[in-house]
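K.L.:
Before anything else, here's the structure in question.
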There are 2 protein chains.
Amino acid sequence: MRSATEDQGHRESADDRTSKARIRDAAIASIAEHGINGTTARKVASVAGVSPGLVIHHFGSMEGLRSACDEYVAVTIREFKERAMSGGPSLDVLAALRDAPNGPLMGYLAQVLADDSPAVARLVDDLVGDAEGYIQQGVESGMLRPSDDPRGRAVVLTLWSLGALVLHQHLRRLLGVDLTDPEILTSPTAAAYVAPIYEIYGEGIFEEAFAAQTRAVFADDQGAT
Amino acid sequence: MRSATEDQGHRESADDRTSKARIRDAAIASIAEHGINGTTARKVASVAGVSPGLVIHHFGSMEGLRSACDEYVAVTIREFKERAMSGGPSLDVLAALRDAPNGPLMGYLAQVLADDSPAVARLVDDLVGDAEGYIQQGVESGMLRPSDDPRGRAVVLTLWSLGALVLHQHLRRLLGVDLTDPEILTSPTAAAYVAPIYEIYGEGIFEEAFAAQTRAVFADDQGAT
DNA sequence: TCTGTGGCTGAACGCATGTTCAATACTCTA
DNA sequence: TAGAGTATTGAACATGCGTTCAGCCACAGA
């Protein structure tokens with residue numbers, strides 16, 4: 001099924017990409033910008049500089065192209081995560097992803113996270129699992145507090161991060177921070193989003209007396225129900 | 001433009017709704033279940049028991065129908081919020097919305113929050129503004145800690161809640177909690193989602209030494225840059 | 001130079017969509 | 001009861017979609 005001229009998986013060869021690779025990249029960029037429903041076979045073919053027929057010829061159908069994009073993005077993210085992991089554990093999973101090589105990667109995620117595909121579901125599961133590992137490392141090194149439900153906390157923190165990514169349009173309108181901007185790290189406005197997060201991460205939002213009260217309620221619930 | 005037979009805005013009359021109202025409700029239910037792109041004029045007409053032509057006749061276009069749905073949902077939420085506000089301030093804005101009268105309301109929000117419309121943007125702005133008010137009340141009554149950036153904190157907390165709603169499929173897969181379920185309050189599994197949240201709200205996730213360290217970093221950033 | 005193989009084209013097909021419009025059913029008014 | 005005006009229909013139209021397919025064209029081997 002794979003011919004000799006294809007170099008799929010070897011993304012080191014930069015300029016002369018296979019038509020198949022060009023179609024895939026064009027689809028990812030189009031989905032990141034116009035969403036899944038705004039991405040048609042003809043538009044992708046036009047951006048990639050090929051005919052609409054070739055899109056189907058290479059990927060079987062538009063659903064096949066979508067799956068290939070999901071898989072490619074998932075693999076790219078996993079590769080980048082491994083590289084980032086060797087440089088020490090990161091607190092926020094997304095923070096390690098923001099300077100990923102491919103530009104429209106965050107935009108693609110923002111568009112695809114809402115309507116679930118199998119590849120995206122697996123990617124989210126992986127992100128949660130990695131976050132659980134990072135958090136555990138943070139707990140062991142004394143940076144992070146232990147939790148009554150480490151997995152539940154990892155799920156909540158990861159979905160909060162990903163949810164903010166999906167709602168990046170609202171975040172940009174409200175705080176002027178664009179999470180899909182590839183160069184977000186160099187933007188000074190990012191502090192408007194990061195500072196409140198670190199404040200919550202640092203001290204929560206409940207005063208201690210009220211926090212103890214809610215803890216008691218949950219203890220009662222667990223005992224009663 | 002508005003005839004005498006319509007009773008739009010008077011949702012007290014339960015069974016005999018106007019055709020226009022039936023079309024609008026069918027569209028909301030369809031969008032909540034199948035998303036915006038899975039909602040066609042013919043499907044809505046079929047569910048509402050009318051012809052496709054009547055959909056356009058009443059709303060001008062599908063975009064007009066979409067706007068009408070956004071507006072109706074926004075008004076419904078605002079009405080319910082006012083009623084909930086009279087019963088005392090609520091910590092989480094979404095918590096006050098979960099037992100809203102209309103069933104598919106949360107599902108509709110989950111589908112619509114991602115791709116922004118003017119009405120949804122205004123609704124989100126309102127939710128943030130309300131949250132800021134609630135939080136300020138909580139601070140004044142000694143339940144919540146004050147913040148260096150009250151508005152930023154309100155934005156982050158609101159978008160985290162709404163983001164979790166948009167990603168409800170992942171939340172259900174990972175924790176078994178479905179935020180779009182109208183009867184979520186009676187479900188005992190909701191604690192799997194609420195308990196980690198209250199833990200984070202209560203004490204954050206940073207140990208105190210590390211929290212002080214991050215505070216120092218942000219103070220340096222603000223001073224240097 | 002001839003030949004064949006495979007990437008690639010682009011015109012075409014079937015389908016679903018949003019929308020239009022003349023005709024019809026209905027309901028209220030006079 | 002007669003008329004008027006509106007709600008409603010359902011067939012039709014144009015459009016854009018995914019997909020198909022017969023053929024072109026460049027290039028490798030004999």
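Each chain in the structure tokens gets a letter, A, B and so on, in the order shown; residues start at 1 in every chain, and ligands are counted from 1 in the order they appear.
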Need to verify the contact set: Gly38 of chain B, 12 Å, only C-alpha atoms (C1' of nucleotides), exclusion of same-chain residues closer than 6 positions in sequence. Can you return it as a list in words?
P.N.:
Asn37 and Asp115 of chain A; Ala27, Ile28, Ala29, Ser30, Ile31, Ala32, Val44 and Gln111 of chain B; DA16 and DT17 of chain C
K.L.:
Could you list, as a ChimeraX atom specification, the residues of chain B having an atom within 9 Å of chain C when counting only C-alpha atoms (C1' of nucleotides)?
P.N.:
/B:40-41,53,56,61-62
K.L.:
Which chain D residues are at most 10 Å from chain A (counting only C-alpha atoms (C1' of nucleotides)), as a list in words?
P.N.:
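Close enough to count are DG16, DC17, DG18, DT19, DT20 and DC21 of chain D.
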K.L.:
Would you save the residues from that selection as a compact mmCIF listing (two decimals), in the first residue's frame, using C-alpha atoms (C1' of nucleotides)?
P.N.:
# COMPACT_ATOMS: atom_id res chain seq x y z
C1' DG D 16 -21.85 22.75 -3.16
C1' DC D 17 -20.62 18.54 -1.42
C1' DG D 18 -18.02 13.70 -1.55
C1' DT D 19 -16.84 10.54 -4.67
C1' DT D 20 -15.95 8.07 -9.23
C1' DC D 21 -13.50 7.08 -13.35
K.L.:
Please return, as a PyMOL selection string, all residues of chain B lying within 8 Å of chain A when only C-alpha atoms are considered.
P.N.:
chain B and resi 37+113-114+116+121+124-125+142-149+152-153+155-156+159-164+166-167+169-171+174-175+192-193+195-212+214-215+218+225
